[in-house]
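**Student:** I am sharing entry-v2.cif, which consists of mmCIF, C-alpha atoms and all ligand atoms:
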data_run
loop_
_atom_site.label_atom_id
_atom_site.label_comp_id
_atom_site.auth_asym_id
_atom_site.auth_seq_id
_atom_site.Cartn_x
_atom_site.Cartn_y
_atom_site.Cartn_z
CA MET A 238 4.60 26.31 17.12
CA ILE A 239 3.66 22.81 16.11
CA SER A 240 4.20 23.67 12.41
CA GLU A 241 7.95 23.99 13.01
CA GLN A 242 8.20 20.58 14.61
CA LYS A 243 10.10 18.17 12.37
CA TYR A 244 8.43 14.97 13.56
CA TRP A 245 4.82 14.30 14.46
CA ASN A 246 6.04 12.37 17.50
CA PRO A 247 9.61 13.56 18.24
CA VAL A 248 10.10 10.93 20.96
CA LEU A 249 8.93 7.75 19.25
CA GLU A 250 10.25 8.59 15.77
CA THR A 251 13.80 9.04 17.05
CA LEU A 252 13.90 6.39 19.75
CA ASP A 253 16.99 4.20 19.55
CA HIS A 254 16.57 0.72 18.16
CA ALA A 255 16.96 -1.15 21.45
CA LYS A 256 14.25 0.92 23.09
CA ILE A 257 11.90 0.48 20.12
CA ARG A 258 12.44 -3.30 20.32
CA LYS A 259 11.64 -3.27 24.01
CA LEU A 260 8.48 -1.25 23.37
CA GLN A 261 7.43 -3.64 20.58
CA PHE A 262 8.02 -6.66 22.78
CA GLU A 263 5.98 -5.29 25.70
CA LYS A 264 3.16 -4.21 23.40
CA PHE A 265 3.18 -7.57 21.63
CA LYS A 266 2.74 -9.49 24.87
CA LYS A 267 -0.16 -7.20 25.79
CA ILE A 268 -2.07 -7.59 22.52
CA PHE A 269 -1.41 -11.35 22.46
CA ASN A 270 -2.80 -11.68 25.97
CA TRP A 271 -5.78 -9.49 25.04
CA ALA A 272 -6.69 -11.68 22.06
CA TYR A 273 -6.05 -14.93 23.94
CA GLU A 274 -8.41 -13.89 26.72
CA ARG A 275 -11.18 -12.49 24.53
CA SER A 276 -11.33 -14.16 21.12
CA ARG A 277 -12.35 -17.79 20.64
CA PHE A 278 -10.63 -17.78 17.27
CA HIS A 279 -7.26 -16.64 18.61
CA ARG A 280 -7.34 -18.80 21.71
CA GLY A 281 -8.19 -21.86 19.59
CA LEU A 282 -5.33 -21.16 17.22
CA TYR A 283 -2.79 -20.68 20.00
CA GLU A 284 -3.98 -23.61 22.12
CA LYS A 285 -3.60 -25.85 19.10
CA ALA A 286 0.00 -24.67 18.77
CA GLY A 287 0.54 -25.13 22.51
CA ILE A 288 1.36 -21.47 23.23
CA LYS A 289 0.08 -19.52 26.21
CA PRO A 290 0.70 -15.83 26.99
CA GLY A 291 3.22 -16.72 29.73
CA ASP A 292 5.36 -18.59 27.17
CA ILE A 293 6.46 -15.45 25.34
CA LEU A 294 9.84 -14.54 26.77
CA SER A 295 11.74 -13.41 23.67
CA PHE A 296 11.36 -12.46 20.00
CA GLU A 297 12.24 -16.07 19.21
CA ASP A 298 9.09 -17.11 21.06
CA ILE A 299 7.03 -14.67 19.01
CA ARG A 300 8.16 -16.48 15.88
CA ARG A 301 6.70 -19.74 17.15
CA ILE A 302 3.21 -18.21 17.23
CA PRO A 303 1.17 -19.30 14.20
CA ALA A 304 0.58 -16.67 11.54
CA VAL A 305 -2.95 -15.75 10.50
CA GLU A 306 -3.92 -15.88 6.84
CA LYS A 307 -6.69 -14.01 5.13
CA SER A 308 -8.51 -17.25 4.31
CA MET A 309 -8.80 -17.95 8.07
CA MET A 310 -10.44 -14.56 8.57
CA ARG A 311 -12.98 -15.40 5.87
CA GLY A 312 -13.76 -18.68 7.64
CA ILE A 313 -14.59 -17.06 10.98
CA GLN A 314 -17.14 -14.68 9.52
CA ARG A 315 -19.78 -17.35 9.32
CA LYS A 316 -19.67 -17.55 13.11
CA ASP A 317 -21.24 -15.30 15.77
CA PRO A 318 -21.37 -12.43 16.44
CA PHE A 319 -22.67 -11.35 13.03
CA PRO A 320 -21.06 -10.13 10.81
CA TYR A 321 -17.53 -10.29 12.25
CA GLY A 322 -17.29 -13.74 13.78
CA ASP A 323 -15.31 -14.95 16.76
CA ALA A 324 -12.09 -12.99 16.31
CA LEU A 325 -13.96 -10.03 17.76
CA CYS A 326 -12.50 -9.04 21.14
CA VAL A 327 -15.04 -6.45 22.25
CA PRO A 328 -18.83 -6.44 22.73
CA LEU A 329 -20.64 -5.59 19.49
CA GLU A 330 -21.94 -2.35 20.97
CA ASP A 331 -18.35 -1.08 21.28
CA VAL A 332 -17.82 -1.36 17.51
CA SER A 333 -18.07 2.05 15.88
CA GLU A 334 -16.64 1.44 12.39
CA PHE A 335 -17.38 -1.13 9.71
CA ARG A 336 -14.98 -1.59 6.78
CA GLN A 337 -14.37 -4.43 4.37
CA THR A 338 -11.56 -5.51 2.09
CA SER A 339 -12.03 -5.01 -1.62
CA GLY A 340 -12.25 -8.74 -2.27
CA THR A 341 -9.88 -8.64 -5.25
CA THR A 342 -8.44 -11.97 -4.08
CA GLY A 343 -11.70 -13.59 -2.96
CA GLN A 344 -14.62 -13.02 -0.65
CA PRO A 345 -14.29 -9.70 1.25
CA VAL A 346 -13.22 -9.72 4.89
CA TYR A 347 -15.19 -7.55 7.32
CA GLN A 348 -13.25 -5.45 9.76
CA ALA A 349 -14.52 -4.01 13.02
CA ASP A 350 -12.97 -1.07 14.85
CA THR A 351 -13.86 0.62 18.12
CA TRP A 352 -13.66 4.37 18.44
CA GLN A 353 -10.29 3.92 20.16
CA ASP A 354 -9.09 1.85 17.19
CA TRP A 355 -10.33 4.52 14.84
CA GLU A 356 -8.38 7.18 16.73
CA TRP A 357 -5.35 4.89 16.41
CA TRP A 358 -5.88 4.78 12.62
CA ALA A 359 -6.00 8.59 12.44
CA GLU A 360 -2.91 8.87 14.65
CA SER A 361 -0.92 6.47 12.44
CA TRP A 362 -1.90 8.54 9.40
CA ALA A 363 -0.85 11.73 11.21
CA TYR A 364 2.73 10.32 11.25
CA ILE A 365 2.47 9.79 7.49
CA LEU A 366 1.17 13.23 6.64
CA TRP A 367 3.61 15.06 8.91
CA ALA A 368 6.57 13.13 7.47
CA GLN A 369 5.43 14.12 3.98
CA GLY A 370 5.37 17.81 4.84
CA TYR A 371 1.65 18.30 5.51
CA ARG A 372 1.17 21.21 7.91
CA PRO A 373 -1.84 23.10 9.35
CA LYS A 374 -1.77 25.63 6.49
CA ASP A 375 -2.46 22.91 3.90
CA ARG A 376 -5.83 22.50 2.20
CA VAL A 377 -6.11 18.84 1.27
CA PHE A 378 -8.39 17.49 -1.43
CA ILE A 379 -9.49 13.86 -1.13
CA PRO A 380 -10.85 12.59 -4.46
CA PHE A 381 -12.16 9.16 -3.52
CA GLY A 382 -15.63 7.63 -3.22
CA TYR A 383 -16.19 7.50 0.55
CA ASN A 384 -17.70 4.07 1.11
CA VAL A 385 -17.19 0.67 2.80
CA PHE A 386 -13.50 0.50 1.81
CA VAL A 387 -11.02 2.08 4.20
CA ALA A 388 -8.92 3.70 1.40
CA PHE A 389 -8.38 7.34 2.45
CA TRP A 390 -10.90 7.49 5.30
CA ALA A 391 -8.22 7.56 7.99
CA GLY A 392 -6.20 10.01 5.90
CA HIS A 393 -9.23 12.31 6.01
CA TYR A 394 -9.39 12.15 9.81
CA ALA A 395 -5.63 12.64 10.10
CA VAL A 396 -5.75 15.83 8.03
CA GLU A 397 -8.19 17.18 10.59
CA LYS A 398 -6.07 15.86 13.44
CA ILE A 399 -2.89 17.67 12.37
CA GLY A 400 -4.90 20.86 12.00
CA ALA A 401 -4.94 21.13 8.21
CA GLU A 402 -8.11 21.62 6.20
CA VAL A 403 -9.85 18.77 4.42
CA VAL A 404 -11.97 19.02 1.27
CA PRO A 405 -13.86 15.76 0.76
CA GLY A 406 -14.20 15.15 -2.98
CA GLY A 407 -16.60 12.21 -2.56
CA VAL A 408 -19.25 11.82 -5.23
CA LEU A 409 -17.88 14.44 -7.62
CA ASP A 410 -16.76 13.21 -11.03
CA THR A 411 -13.19 13.74 -12.18
CA LYS A 412 -13.87 17.04 -13.97
CA ALA A 413 -15.76 18.49 -11.01
CA ARG A 414 -12.91 17.43 -8.73
CA ILE A 415 -10.35 19.23 -10.86
CA LEU A 416 -12.46 22.38 -10.94
CA LYS A 417 -12.83 22.22 -7.15
CA ILE A 418 -9.06 21.86 -6.70
CA GLN A 419 -8.61 24.89 -8.96
CA GLU A 420 -11.34 26.96 -7.30
CA LEU A 421 -10.06 26.36 -3.75
CA ASN A 422 -6.30 26.37 -4.44
CA CYS A 423 -5.94 22.96 -2.77
CA THR A 424 -2.30 22.30 -1.91
CA ALA A 425 -2.26 18.51 -1.50
CA MET A 426 -4.27 15.42 -2.37
CA MET A 427 -4.43 11.65 -1.87
CA ALA A 428 -5.21 9.06 -4.54
CA THR A 429 -4.07 5.83 -6.15
CA PRO A 430 -1.23 6.28 -8.70
CA THR A 431 -3.63 5.20 -11.45
CA TYR A 432 -6.02 7.98 -10.55
CA VAL A 433 -3.28 10.60 -10.09
CA LEU A 434 -2.24 10.00 -13.72
CA GLY A 435 -5.85 9.77 -14.90
CA MET A 436 -6.70 13.11 -13.27
CA ALA A 437 -3.72 14.77 -14.95
CA ASP A 438 -4.96 13.55 -18.36
CA ALA A 439 -8.50 14.69 -17.59
CA ALA A 440 -7.25 18.16 -16.56
CA LYS A 441 -5.30 18.50 -19.80
CA SER A 442 -8.38 17.53 -21.83
CA MET A 443 -10.22 20.37 -20.06
CA GLY A 444 -7.49 22.80 -21.10
CA ILE A 445 -6.07 22.96 -17.56
CA ASP A 446 -2.37 22.27 -17.07
CA PRO A 447 -2.24 20.28 -13.80
CA ARG A 448 1.11 21.97 -13.07
CA SER A 449 -0.68 25.31 -12.90
CA LEU A 450 -2.81 24.09 -9.97
CA ALA A 451 -1.62 24.61 -6.39
CA ILE A 452 -1.17 20.88 -5.59
CA ARG A 453 2.41 20.34 -4.36
CA LYS A 454 2.11 17.11 -2.36
CA ILE A 455 0.38 13.91 -3.36
CA THR A 456 0.07 10.89 -1.08
CA CYS A 457 -0.49 7.61 -2.85
CA ALA A 458 -1.86 4.29 -1.67
CA GLY A 459 -3.52 1.17 -2.98
CA GLU A 460 -0.94 0.33 -5.66
CA PRO A 461 2.88 0.24 -5.63
CA GLY A 462 3.25 2.99 -8.30
CA ALA A 463 4.60 5.74 -6.06
CA SER A 464 7.56 3.48 -5.20
CA ILE A 465 8.22 2.57 -8.84
CA PRO A 466 10.71 5.25 -9.99
CA SER A 467 9.36 5.70 -13.53
CA THR A 468 5.73 5.95 -12.40
CA LYS A 469 6.65 8.33 -9.59
CA LYS A 470 8.52 10.53 -12.08
CA ARG A 471 5.52 10.63 -14.43
CA MET A 472 3.24 11.69 -11.59
CA GLU A 473 5.67 14.30 -10.22
CA GLU A 474 6.22 15.84 -13.64
CA ALA A 475 2.52 15.85 -14.54
CA TRP A 476 1.57 17.73 -11.36
CA ASP A 477 4.83 19.60 -10.61
CA SER A 478 4.42 18.08 -7.20
CA LYS A 479 6.15 15.75 -4.75
CA VAL A 480 4.61 12.29 -4.77
CA TYR A 481 4.90 10.10 -1.68
CA ASP A 482 4.06 6.47 -1.13
CA HIS A 483 2.41 4.83 1.83
CA ALA A 484 1.22 1.28 2.37
CA GLY A 485 -1.64 0.07 4.48
CA ALA A 486 -4.39 -2.51 4.51
CA THR A 487 -7.86 -2.89 5.98
CA GLU A 488 -6.86 -5.78 8.25
CA ILE A 489 -3.53 -4.21 9.27
CA GLY A 490 -3.62 -0.42 9.38
CA ALA A 491 -1.38 2.27 7.88
CA TRP A 492 1.93 0.59 8.61
CA CYS A 493 4.54 2.43 6.55
CA PHE A 494 5.24 5.66 4.75
CA GLU A 495 7.71 7.57 2.65
CA CYS A 496 9.16 10.75 4.17
CA GLU A 497 10.22 14.06 2.58
CA ALA A 498 13.78 12.76 2.14
CA GLN A 499 12.44 10.33 -0.52
CA ALA A 500 15.21 7.88 0.33
CA GLY A 501 13.98 5.18 -2.04
CA GLY A 502 12.11 3.35 0.67
CA LEU A 503 9.33 3.50 3.21
CA HIS A 504 9.60 3.84 6.99
CA VAL A 505 7.82 1.17 8.99
CA ASN A 506 5.95 2.77 11.89
CA ASP A 507 7.87 0.66 14.41
CA ALA A 508 6.03 2.20 17.36
CA PHE A 509 2.68 0.90 16.13
CA PHE A 510 3.62 -2.26 14.23
CA LEU A 511 5.96 -5.21 14.50
CA VAL A 512 7.18 -6.18 11.03
CA GLU A 513 8.94 -9.50 10.48
CA ILE A 514 10.26 -10.71 7.12
CA GLN A 515 10.21 -14.41 6.36
CA ASP A 516 12.12 -16.17 3.58
CA LEU A 517 9.62 -17.65 1.12
CA ASP A 518 11.57 -20.87 0.60
CA THR A 519 13.25 -21.64 3.89
CA GLY A 520 10.88 -19.96 6.37
CA GLU A 521 13.89 -18.28 8.04
CA TYR A 522 13.46 -14.79 9.47
CA ILE A 523 15.46 -12.12 7.68
CA GLU A 524 17.20 -9.40 9.66
CA GLU A 525 19.81 -8.32 7.15
CA PRO A 526 19.24 -5.87 4.28
CA GLY A 527 18.97 -6.90 0.64
CA ARG A 528 17.11 -10.18 1.04
CA ARG A 529 13.48 -10.35 0.04
CA GLY A 530 10.77 -12.21 1.89
CA LYS A 531 7.15 -11.98 2.84
CA MET A 532 5.93 -9.73 5.60
CA ILE A 533 4.39 -11.05 8.80
CA ILE A 534 2.93 -8.08 10.66
CA THR A 535 1.36 -7.32 14.02
CA ALA A 536 -0.65 -4.19 14.74
CA LEU A 537 0.47 -3.62 18.32
CA ASP A 538 -2.47 -1.53 19.53
CA ARG A 539 -5.52 -2.52 17.50
CA GLN A 540 -8.13 -4.07 19.76
CA ALA A 541 -11.57 -4.88 18.28
CA GLN A 542 -10.34 -7.37 15.69
CA PRO A 543 -6.63 -7.79 16.34
CA CYS A 544 -4.00 -8.25 13.66
CA ILE A 545 -1.45 -10.59 15.22
CA ARG A 546 1.25 -12.09 13.01
CA PHE A 547 -0.81 -11.56 9.87
CA ASP A 548 0.66 -13.13 6.73
CA SER A 549 0.14 -10.16 4.40
CA LYS A 550 1.73 -11.76 1.29
CA ASP A 551 3.57 -8.47 0.73
CA ILE A 552 7.13 -8.91 -0.50
CA ILE A 553 9.59 -6.51 1.15
CA GLU A 554 13.26 -6.17 2.12
CA TRP A 555 15.14 -4.09 4.66
CA ALA A 556 17.14 -1.13 3.31
CA PRO A 557 20.90 -1.09 3.99
CA ASP A 558 21.16 2.42 5.45
CA PRO A 559 19.14 4.59 7.82
CA CYS A 560 17.23 7.52 6.32
CA SER A 561 18.75 11.00 6.28
CA CYS A 562 15.59 12.44 7.87
CA GLY A 563 16.76 11.25 11.29
CA ARG A 564 13.84 8.93 11.97
CA THR A 565 14.95 5.66 13.53
CA PHE A 566 11.88 3.85 12.16
CA ARG A 567 13.33 1.17 9.88
CA LEU A 568 13.25 1.58 6.12
CA ILE A 569 12.06 -1.00 3.62
CA LYS A 570 13.80 -0.62 0.31
CA GLY A 571 11.65 0.28 -2.69
CA GLY A 572 8.39 -0.11 -0.77
CA VAL A 573 6.23 -3.16 -1.22
CA VAL A 574 7.84 -4.76 -4.27
CA GLY A 575 5.11 -7.31 -4.94
CA ARG A 576 2.81 -9.87 -3.41
CA SER A 577 3.74 -13.48 -2.97
CA ASP A 578 0.48 -14.52 -4.66
CA ASP A 579 1.02 -12.05 -7.57
CA ILE A 580 4.49 -13.15 -8.41
CA THR A 581 3.91 -15.80 -10.98
CA LYS A 582 6.01 -18.04 -13.17
CA VAL A 583 5.82 -17.43 -16.90
CA LYS A 584 7.82 -19.78 -19.10
CA GLY A 585 9.51 -20.87 -15.90
CA VAL A 586 10.73 -17.34 -15.10
CA LEU A 587 9.54 -15.49 -11.98
CA LEU A 588 7.68 -12.37 -13.06
CA ALA A 589 6.59 -9.49 -10.82
CA PRO A 590 4.05 -7.24 -12.57
CA SER A 591 5.75 -4.17 -11.06
CA ALA A 592 8.83 -4.88 -13.22
CA ILE A 593 6.72 -4.44 -16.36
CA GLU A 594 5.25 -1.22 -15.00
CA GLU A 595 8.75 0.13 -14.35
CA VAL A 596 9.68 -0.44 -18.00
CA VAL A 597 6.46 0.88 -19.59
CA ARG A 598 6.34 4.02 -17.47
CA GLY A 599 10.02 4.63 -18.14
CA MET A 600 9.47 4.78 -21.92
CA ASP A 601 9.11 8.07 -23.75
CA GLY A 602 6.28 8.06 -26.24
CA LEU A 603 3.96 5.67 -24.38
CA ALA A 604 0.85 6.76 -22.45
CA ASP A 605 0.36 5.78 -18.81
CA GLU A 606 -2.06 2.89 -19.33
CA PHE A 607 -1.04 -0.66 -20.14
CA GLU A 608 -2.37 -4.20 -19.78
CA VAL A 609 -0.62 -7.54 -19.40
CA ILE A 610 -2.29 -10.80 -20.34
CA VAL A 611 -0.74 -14.20 -19.72
CA ASP A 612 -2.33 -17.13 -21.52
CA LYS A 613 -1.28 -20.24 -23.41
CA ASP A 614 -0.48 -20.78 -27.04
CA GLY A 615 -0.83 -24.56 -27.12
CA ASP A 616 1.33 -25.73 -24.23
CA ILE A 617 3.52 -22.66 -24.15
CA ASP A 618 2.96 -19.60 -21.96
CA ARG A 619 2.34 -16.48 -23.95
CA ILE A 620 2.58 -12.99 -22.53
CA THR A 621 0.92 -10.08 -24.28
CA LEU A 622 1.58 -6.47 -23.37
CA LYS A 623 -0.86 -3.83 -24.61
CA VAL A 624 0.36 -0.23 -24.61
CA GLU A 625 -0.85 3.10 -25.98
CA LEU A 626 1.31 5.17 -28.30
CA LEU A 627 1.05 8.94 -27.88
CA LYS A 628 -0.33 10.64 -30.99
CA SER A 629 2.63 12.98 -31.30
CA ARG A 630 5.02 9.99 -31.46
CA GLU A 631 3.34 7.88 -34.14
CA ASN A 632 6.29 8.33 -36.50
CA ASP A 633 8.59 6.76 -33.88
CA HIS A 634 6.51 3.60 -33.61
CA LYS A 635 9.21 1.19 -34.82
CA ARG A 636 11.97 2.70 -32.69
CA ILE A 637 9.77 2.70 -29.56
CA GLU A 638 8.71 -0.90 -30.18
CA ASP A 639 12.31 -2.08 -30.50
CA LYS A 640 13.40 -0.24 -27.39
CA LEU A 641 10.43 -1.56 -25.39
CA LYS A 642 11.26 -5.10 -26.45
CA ASP A 643 14.90 -4.70 -25.38
CA GLN A 644 14.06 -3.14 -22.05
CA LEU A 645 11.50 -5.82 -21.21
CA ARG A 646 13.95 -8.55 -22.08
CA LEU A 647 16.61 -6.88 -19.96
CA LYS A 648 14.43 -6.24 -16.89
CA THR A 649 12.22 -9.36 -16.87
CA ASN A 650 14.11 -11.96 -18.93
CA LEU A 651 11.02 -12.64 -21.04
CA GLY A 652 9.86 -12.09 -24.61
CA TYR A 653 6.51 -10.39 -25.19
CA ASN A 654 3.84 -10.21 -27.79
CA LEU A 655 3.46 -6.41 -28.09
CA GLU A 656 0.21 -4.72 -29.12
CA PHE A 657 0.10 -0.98 -29.79
CA TYR A 658 -3.14 0.99 -29.45
CA ASP A 659 -4.14 4.58 -30.06
CA TYR A 660 -4.20 6.86 -27.05
CA GLY A 661 -7.42 6.39 -25.04
CA CYS A 662 -8.23 2.83 -26.20
CA LEU A 663 -7.26 0.88 -23.07
CA PRO A 664 -9.55 0.93 -20.01
CA ARG A 665 -9.18 3.70 -17.43
CA TYR A 666 -9.58 3.01 -13.72
CA GLU A 667 -10.59 5.25 -10.85
CA VAL A 668 -9.33 3.19 -7.95
CA LYS A 669 -7.10 0.12 -8.19
CA ALA A 670 -6.26 -0.83 -11.74
CA LYS A 671 -6.57 -4.41 -12.98
CA ARG A 672 -3.71 -4.44 -15.45
CA PHE A 673 -2.42 -7.96 -14.94
CA LYS A 674 -4.56 -10.85 -16.13
CA ASP A 675 -3.44 -14.44 -15.85
CA LEU A 676 -5.81 -16.53 -18.00
CA ARG A 677 -3.93 -19.80 -17.64
CA GLU A 678 -5.70 -22.58 -15.81
CA LYS A 679 -4.58 -22.78 -12.23
CA LYS A 680 -3.19 -26.14 -11.28
ZN ZN B 1 13.05 9.34 6.31
#
Starting from the file, give its structure as structure tokens.
Ligand SMILES: [Zn+2]
**Tutor:**
Amino acid sequence: MISEQKYWNPVLETLDHAKIRKLQFEKFKKIFNWAYERSRFHRGLYEKAGIKPGDILSFEDIRRIPAVEKSMMRGIQRKDPFPYGDALCVPLEDVSEFRQTSGTTGQPVYQADTWQDWEWWAESWAYILWAQGYRPKDRVFIPFGYNVFVAFWAGHYAVEKIGAEVVPGGVLDTKARILKIQELNCTAMMATPTYVLGMADAAKSMGIDPRSLAIRKITCAGEPGASIPSTKKRMEEAWDSKVYDHAGATEIGAWCFECEAQAGGLHVNDAFFLVEIQDLDTGEYIEEPGRRGKMIITALDRQAQPCIRFDSKDIIEWAPDPCSCGRTFRLIKGGVVGRSDDITKVKGVLLAPSAIEEVVRGMDGLADEFEVIVDKDGDIDRITLKVELLKSRENDHKRIEDKLKDQLRLKTNLGYNLEFYDYGCLPRYEVKAKRFKDLREKK
């Protein structure tokens, strides 16, 4: 019975490290060759760097290959064939899927996939779902607006692929979604952490305790919340459910996932992706645990619009120990801990927005929503944190404010201008929240 199988792919997920490396190396050479032969963009980039497919003899050689940045992908889209540009490696008629990035950091990037690529997406998500305990008996609710963003599309197909049942909660509003989950006894769902918390609030306002629903597994994406312990705890308690993280991106694929062991990190799908970590200051490649850097990633099997040494800006670090689940896929500690373009200096101190989230969500008496605004008071950086006080805790206002101040100072080394609001006053988001606003002029 497939349901009793511990791993989705028992061979690849337990392959020893040397064999995985060999597999990655062979696959890398193949995808590099593929792109070199078929894409004017890739060939141009590699010719300029003086690298041909035959030059790749070791992992050291891979590191000499120029990384691709998102801004380069935007540049190629003005070229033929419309609308993808000259990174496309297949005839246009072979493209079966259009997606685009959300454009939160600039003009959206269009992404083409063939049917084979799309099956690859679903397969990579099948690893995720199986590792998080999804089985054929599950009925999975997907409360997202099915549209041009990839979001949970591949998750939807993977639910079908593993033999579970999918309930697409597309255009329904939040209340209708909750009623549908209740009516059908759905056992699992997928959403951004912001929306998981928002749905729990909405259910309570309808007189439904989310813990009374049958949801016992929630897969998150889109924001780091499910890897931030205090946010994860809030979600798990609100739904009486396990909450698992996963990270993916339109241009990359679904590259890592948390497993049922919840080991405080995410497994990289080493069979499908080559992840390298590069020191932000020195450019060195980091093999040892405990040292943060930015991720350079290759999707080893994606063909229409390849992702070869993509500079994702995600900040990650290797975990010190293997996971107790038995998978040999490497773990990154604490998930994606930030983005190199998000981590900003305030009053000369490096600040990652996720550190503020960890503090706010760890405080009793505060609601889930918050907002951070960085601006200038004269020449000096000023950082304002807006939070909501729960109605039942209004008498504790002073004590909560003092504790919040201390914790923020301790965890981020910065002083804040705190603003308290009544519950429900800050904006609510359905997909990715925009909680961090830097209003200082960029130099
Ligand atoms: Zn594991």
**Student:** Considering all atoms listed in the file, state which residue in the set A:Ala508, A:Cys496, A:Val597, A:Leu603 is at the smallest distance from ligand ZN 1 (chain B).
**Tutor:**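 Nearest to ligand ZN 1 (chain B): A:Cys496.
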**Student:** Please find the residues contacting ligand ZN 1 (chain B) at a distance of at most 8 Å between atoms, with all atoms listed in the file counted, and report them as a short mmCIF file (atom, residue, chain, number, x, y, z; two decimals) with C-alpha atoms, keeping the file's coordinate frame.
**Tutor:**
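New file out.cif:
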data_model
loop_
_atom_site.label_atom_id
_atom_site.label_comp_id
_atom_site.auth_asym_id
_atom_site.auth_seq_id
_atom_site.Cartn_x
_atom_site.Cartn_y
_atom_site.Cartn_z
CA ALA A 368 6.57 13.13 7.47
CA GLU A 495 7.71 7.57 2.65
CA CYS A 496 9.16 10.75 4.17
CA GLU A 497 10.22 14.06 2.58
CA ALA A 498 13.78 12.76 2.14
CA GLN A 499 12.44 10.33 -0.52
CA ALA A 500 15.21 7.88 0.33
CA LEU A 503 9.33 3.50 3.21
CA HIS A 504 9.60 3.84 6.99
CA PRO A 559 19.14 4.59 7.82
CA CYS A 560 17.23 7.52 6.32
CA SER A 561 18.75 11.00 6.28
CA CYS A 562 15.59 12.44 7.87
CA GLY A 563 16.76 11.25 11.29
CA ARG A 564 13.84 8.93 11.97
CA LEU A 568 13.25 1.58 6.12
#
**Student:** Work out how far apart CA of Asp616 in chain A and CA of Leu645 in chain A are and give it in Å to one decimal.
**Tutor:** 22.6 Å
**Student:** Residues of range 253-280 of chain A within 10 Å of range 294-302 of chain A: nearest atom pair and distance (Å, one decimal) for each, counting only C-alpha atoms, sorted by chain and number, as CSV?
**Tutor:**
residue,atom,partner,partner_atom,distance
A:Arg258,CA,A:Phe296,CA,9.2
A:Gln261,CA,A:Phe296,CA,9.7
A:Phe262,CA,A:Phe296,CA,7.2
A:Phe265,CA,A:Ile299,CA,8.5
A:Lys266,CA,A:Leu294,CA,8.9
A:Phe269,CA,A:Ile299,CA,9.7
**Student:** List the neighbours of Lys267 in chain A out to 12 Å using only C-alpha atoms; skip same-chain residues closer than 3 positions along the sequence, and give me the result as an NGL selection string.
**Tutor:** :A and (260-264 or 270-274 or 290-291 or 293 or 535-540 or 543 or 545)
